[in-house]
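> Can you read through this structure? Questions will come right after.
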Amino acid sequence: MLVPKFCGIETEYGIISRGVEMSPVTASSLLITAYCGDASRIDWDFAMERPYADLRGFLVDDRLDPEIDHQMVNVVLTNGARYYVDHAHPEYSSPECRTAFDAVLYDLAGDEVLRRSMDAARNILRKQSAEIVVYKNNSDGKGNSYGCHENYLVSRSTPFSEIVRFMTTHFVTRQIFTGSGKIGVENSNSSDVSTYQISQRADFFEEEVGLETTLRRPIINTRDEPHADSLKYRRLHVIVGDANMSQVATLVKIGSTQLLLAMIESGAIPERLVVQEPLSAMRSVSFDLSLNKPIRLEDGTTETALTIQLALVDAARRWCASLDAKVVKEYRWDEVIAEWASLLDGLSRDTAEVADRIDWVAKKRLIDAYRDRHDVSEQDVRLKAIDLQYHDLRMDRCLAMRAGLKEIVLTDQVDLAVNNAPRDTRAFFRGEMLKRWPDHVVTANWDSLVLDLGEGPLVRVPMDEPGRGTNALIGGILDEAATPADVLRLIKERVEQEDRSTRG
Amino acid sequence: MSERARKFSDRGTSKESAAVVEAGESASAQVQRSDHDIESILDEIDDVLEANAEDFVRNYVQKGGE
C-alpha cells in the first residue's frame, strides 16, 4: 500500500565559540535562547518519545532514559519545526513536508534560523567581541561525527526486510550525488590527512542494521518511533546522509529516497539491485572519485554506484509513467526524476558538469584550484580550512555560497518559511496554534499539542495523521475561532457533522 | 529580509525554476565558463579564508552527536 510520503530533515550543526571560552552545550543553548527570546517558554513534550523502540519489533529496555536532557533548551517554532540542544550541538528538525521541494525549503529555513541565531548571540556577546559560529557539516576531521537525518513515512504493512534490502543499495550508491566531500580519513584504521573522499559520513558506519546513532552506526537505523498512528505507519529514520549545502543535492537526496520507498511499497523496485557487502561498498564508493569501482551484487554480477543509480532512476521513471499523473504532480516526482537523471548524466560524462549542483564536486574544485594557484602541497592545512569553511553558515565567510551553486528556492520563500509552516501537513496546525495563541500552547510534540484553555484541565490534542490539520481542512476553523476553546469546539462540531453524514 | 540575505540573493543564478541547465548552452561551454569563474572565486577565497588556517583547523573540535 502506498502511504503519503511525508518527510523531513533534522540537522545537527557543528558549533564553535570564538573570543570566549564556552562549552558547546552552553554555546548551543545561548544560540537558541538568543533567537527565541520569550518563545523559549513553550516546551517540547517528551511524553510520547520512544527513541529506543526498534522497528524490528522490540524495545531496548536497559536504555529507557531519554537521550535528550530535559534541562536543555528545546523549543517549537511557528514554522512547525523543533529547535533544540541535542548532545553538544544545536539541532533544527524541520516540520513535516509533503514534497522534496518543501523539504529543501524548510532545510534552508533552518539554516536561516541558525544565521539569525548567530546574529542575536553576537549582539549578546558584543562587549566581549565574541561570537558563536555554526557549520552545516558532519565531521570535525578528528573522528567526531554529527548527523543530518532524514525521515520518511512508510506503511506498517511493508515488510521491514524489503526496506532494508533495497534502501541499503540506495544509501550505499546515492553518495555519488549526496556526498559533501572531505579531506582525510576518520576511522581506526587510518589517519590519512590528505585523501579526498566523496562522503563526510561513510567513515562512521560499522553495522548494516541497528538501533544506534552515536556509535557502531548502522546503514539502516531501526528506531521505531513513527510519531503517528503506529498501526498504520513506520517512520524510516535515515542516518547515513551528509548535510548538503547544495539545494539540488538536498532535493535529489530526499526526492529519490521518497520515490524508492514508494516503489518498494508498490513492489516496483528492481529485485536484482541488492549489494552483497554494503559496509565495504559504502567505503569504496566514498573513495572512488573516478566512479568506476565495481560493486558486487547478491546475484554475483557487478555494477558501479553510477550504473546502479542509473538503473534506479530508470525504474523510477517507468513506475511514475504507470501512476495516475495527479499523484506524480502532487509529489513533483517528475521534476525530481529530471534533476536526478541530469546529475547522473553529468557524472557519467564529466564531473565538472555538476560542480554547480553536487557538493563534493564543487568543494573539490575549490580545493584543487586553490592548491594550483598557491602551489601548495596536498597536506597544506589551508586546504582543510577550505573543506571546513565551505560549510560555515555566516554569509560573509561561507565558501559554498561562493562556489556558484545553483539555487532552486527564492530567498523570499525562505524568509516566509522561517515563520510559517507548510500548509499541507499537520505542521500547519502546530505552527498556526503557536502563532495565534502562544500563551495557550503549553507543550507541543510531533503528534500532539497540549492546550491550556484558560479554565478546566489541560487538553491534549492528538495529531496522529500527518495529513490532517492542513490549511485546507482547518484553515477556515482557525480563522473563525476567537479562542483555542472555539477551535476545539468547531473541530468537534465538524467531526460530528461528518459522522452524521457518513451514517445517513 | 536582512541586508546580508539580500546580498546573498543578488549573487544567485537561476532562481525561477528547477530547470538548472540553461537552455542553449553546451556542456563544454559551461565548463569553460566555470574555468573563468573559478579565478574570481579564488580571489574571494583569498579574502575570506580564515587568516590563521592552522589554528582554525586545530581548534575545530566537535563532540560526537546524534
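All residue names refer to the C-alpha cells as shown: chains lettered A, B, ... in order, residues numbered from 1 in each chain, ligands numbered from 1 in order.
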Which polymer residues have any atom within 9 Å of an atom of Ala400 of chain A, counting only C-alpha atoms, with same-chain residues fewer than 2 positions away left out, as a VMD selection string?
chain A and resid 245 to 246 359 362 to 363 389 to 392 398 402 to 405
> Hey, what's within 10 Å of segment 149-158 of chain A if we count only C-alpha atoms and toss same-chain stuff fewer than 4 positions away? As a ChimeraX atom specification, please?
/A:1-12,55,93-94,96-98,103,162-163,213,226-243,253-254,257-258,261-262,264-267,466 /B:66
> Do you have the atom CA of Pro90 of chain A-atom CA of Leu388 of chain A distance handy?
17.5 Å
> Compute the set of chain A residues within 7 Å of chain B, using only C-alpha atoms, and express it as a list in words.
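Putting it all together, I get Gly14, His87, Ala88, His89, Asp140, Asn144, Ser145, Tyr146, Gly147, Thr213, Thr214, Ala352, Glu353, Tyr370, Val381, Arg382, Lys384, Ala385, Met395, Arg397, Arg402, Ala403, Lys406, Glu407, Ile408, Val409, Leu410, Thr411 and Asp415 of chain A.
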> Go through A:Asn471, A:Asn79, A:Ser256, A:Ser139 one by one, measure the shortest atom-to-atom distance of each to Val113 of chain A using only C-alpha atoms, and give the residue with the smallest value.
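Selected residue with least distance to Val113 of chain A: A:Asn79.
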> I'd like the interatomic distance between atom CA of Arg174 of chain A and atom CA of Arg223 of chain A, to a tenth of an Å.
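Answer for the atom CA of Arg174 of chain A to atom CA of Arg223 of chain A separation: 21.7 Å.
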> Might you pull out every residue within 10 Å of segment 124-127 of chain A, with only C-alpha atoms counted and same-chain residues fewer than 6 positions away left off, and present them as a PyMOL selection string?
chain A and resi 19-20+30-31+34+118
> Can you write just those residues out, N, CA and C atoms, as a short mmCIF file (atom, residue, chain, number, x, y, z; two decimals), in the first residue's frame?

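Everything below was put into out24.cif:
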```
data_model
loop_
_atom_site.label_atom_id
_atom_site.label_comp_id
_atom_site.auth_asym_id
_atom_site.auth_seq_id
_atom_site.Cartn_x
_atom_site.Cartn_y
_atom_site.Cartn_z
N GLY A 19 36.50 33.90 20.82
CA GLY A 19 36.69 35.08 21.65
C GLY A 19 36.12 34.90 23.05
N VAL A 20 35.61 33.73 23.34
CA VAL A 20 35.07 33.46 24.68
C VAL A 20 35.13 31.95 24.92
N LEU A 30 22.78 29.14 24.35
CA LEU A 30 22.78 30.60 24.17
C LEU A 30 22.24 30.97 22.79
N LEU A 31 22.68 30.23 21.80
CA LEU A 31 22.27 30.47 20.42
C LEU A 31 20.74 30.40 20.29
N ALA A 34 18.89 33.05 22.46
CA ALA A 34 19.07 34.37 21.86
C ALA A 34 18.09 34.56 20.70
N MET A 118 22.88 33.26 15.20
CA MET A 118 24.26 33.74 15.33
C MET A 118 24.28 35.26 15.49
#
```
> What gap, in Å, lies between atom CA of Ala325 of chain A and atom CA of Leu259 of chain A?
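These atoms are spaced 14.5 Å apart.
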> Could you name the residues that touch Val76 of chain A at 12 Å or less, counting only C-alpha atoms, but leaving out those on the same chain fewer than 3 positions away, as a PyMOL selection string?
chain A and resi 32-33+35-36+38-45+73+79-84+91-95+419+421+427+430-435+438+441-446+449
> Just write the chosen residues, C-alpha atoms, as a PDB file, in the first residue's frame.

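The result, written out as selection-v3.pdb:
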```
ATOM      1  CA  ILE A  32      18.737  29.126  20.720  1.00  0.00           C
ATOM      2  CA  THR A  33      17.566  31.322  23.588  1.00  0.00           C
ATOM      3  CA  TYR A  35      16.943  33.588  18.811  1.00  0.00           C
ATOM      4  CA  CYS A  36      13.729  32.593  20.549  1.00  0.00           C
ATOM      5  CA  ASP A  38      10.434  34.669  25.056  1.00  0.00           C
ATOM      6  CA  ALA A  39       9.082  31.939  22.825  1.00  0.00           C
ATOM      7  CA  SER A  40      11.503  29.550  24.500  1.00  0.00           C
ATOM      8  CA  ARG A  41       8.988  29.097  27.301  1.00  0.00           C
ATOM      9  CA  ILE A  42       6.917  26.788  25.070  1.00  0.00           C
ATOM     10  CA  ASP A  43       8.379  23.394  25.807  1.00  0.00           C
ATOM     11  CA  TRP A  44       8.712  20.250  23.842  1.00  0.00           C
ATOM     12  CA  ASP A  45       6.648  17.405  25.229  1.00  0.00           C
ATOM     13  CA  VAL A  73      16.752  24.205  25.665  1.00  0.00           C
ATOM     14  CA  ASN A  79       7.004  27.138  11.181  1.00  0.00           C
ATOM     15  CA  GLY A  80       6.314  23.818  12.921  1.00  0.00           C
ATOM     16  CA  ALA A  81       9.997  22.951  13.422  1.00  0.00           C
ATOM     17  CA  ARG A  82      11.701  21.886  16.631  1.00  0.00           C
ATOM     18  CA  TYR A  83      14.859  23.776  17.611  1.00  0.00           C
ATOM     19  CA  TYR A  84      16.887  22.383  20.494  1.00  0.00           C
ATOM     20  CA  GLU A  91      19.662  20.899  16.130  1.00  0.00           C
ATOM     21  CA  TYR A  92      16.848  22.009  13.853  1.00  0.00           C
ATOM     22  CA  SER A  93      14.221  19.407  12.947  1.00  0.00           C
ATOM     23  CA  SER A  94      12.159  20.651  10.048  1.00  0.00           C
ATOM     24  CA  PRO A  95       8.376  20.465  10.040  1.00  0.00           C
ATOM     25  CA  ASN A 419       7.964  31.742  10.486  1.00  0.00           C
ATOM     26  CA  ALA A 421       4.610  26.122   8.477  1.00  0.00           C
ATOM     27  CA  ALA A 427       2.683  21.142  10.871  1.00  0.00           C
ATOM     28  CA  ARG A 430       1.037  23.193  15.204  1.00  0.00           C
ATOM     29  CA  GLY A 431       2.536  26.343  13.717  1.00  0.00           C
ATOM     30  CA  GLU A 432      -0.701  28.311  13.498  1.00  0.00           C
ATOM     31  CA  MET A 433      -1.779  27.499  17.064  1.00  0.00           C
ATOM     32  CA  LEU A 434       1.606  28.727  18.278  1.00  0.00           C
ATOM     33  CA  LYS A 435       1.415  31.843  16.180  1.00  0.00           C
ATOM     34  CA  PRO A 438       1.173  31.223  22.076  1.00  0.00           C
ATOM     35  CA  VAL A 441       0.055  26.257  23.983  1.00  0.00           C
ATOM     36  CA  VAL A 442       1.633  24.543  26.989  1.00  0.00           C
ATOM     37  CA  THR A 443       3.700  21.926  25.167  1.00  0.00           C
ATOM     38  CA  ALA A 444       3.973  20.588  21.657  1.00  0.00           C
ATOM     39  CA  ASN A 445       5.187  17.400  20.068  1.00  0.00           C
ATOM     40  CA  TRP A 446       5.154  15.919  16.568  1.00  0.00           C
ATOM     41  CA  LEU A 449      -0.401  19.656  21.331  1.00  0.00           C
TER      42      LEU A 449
END
```
> For Arg423 of chain A, list every protein, DNA or RNA residue within 9 Å, evaluated using only C-alpha atoms, and leave out those in the same chain fewer than 2 positions away; present the list as a list of chain:residue names.
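Listed by chain and then number, they are A:Asn420, A:Ala421, A:Thr425, A:Arg426, A:Ala427, A:Phe428, A:Phe429, A:Gly469, A:Thr470, A:Asn471, A:Ala472, A:Gly475.
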> For the structure I just gave you, how does DSSP split segment 288-467 of chain A - specifically, which residues are helix (DSSP H, G or I)? Reply as an MDAnalysis selection string.
chainID A and resid 305:322 325:331 333:349 351:354 359:374 381:389 400:402 411:419 427:436 438:440
> I'd like to know which residues of segment 95-300 of chain A are strand (DSSP E or B) (by DSSP, run on the backbone); could you write them as a VMD selection string?
chain A and resid 97 131 to 135 139 145 148 to 155 182 to 183 187 190 196 to 197 205 to 210 217 to 221 223 233 to 238 275 295 to 297
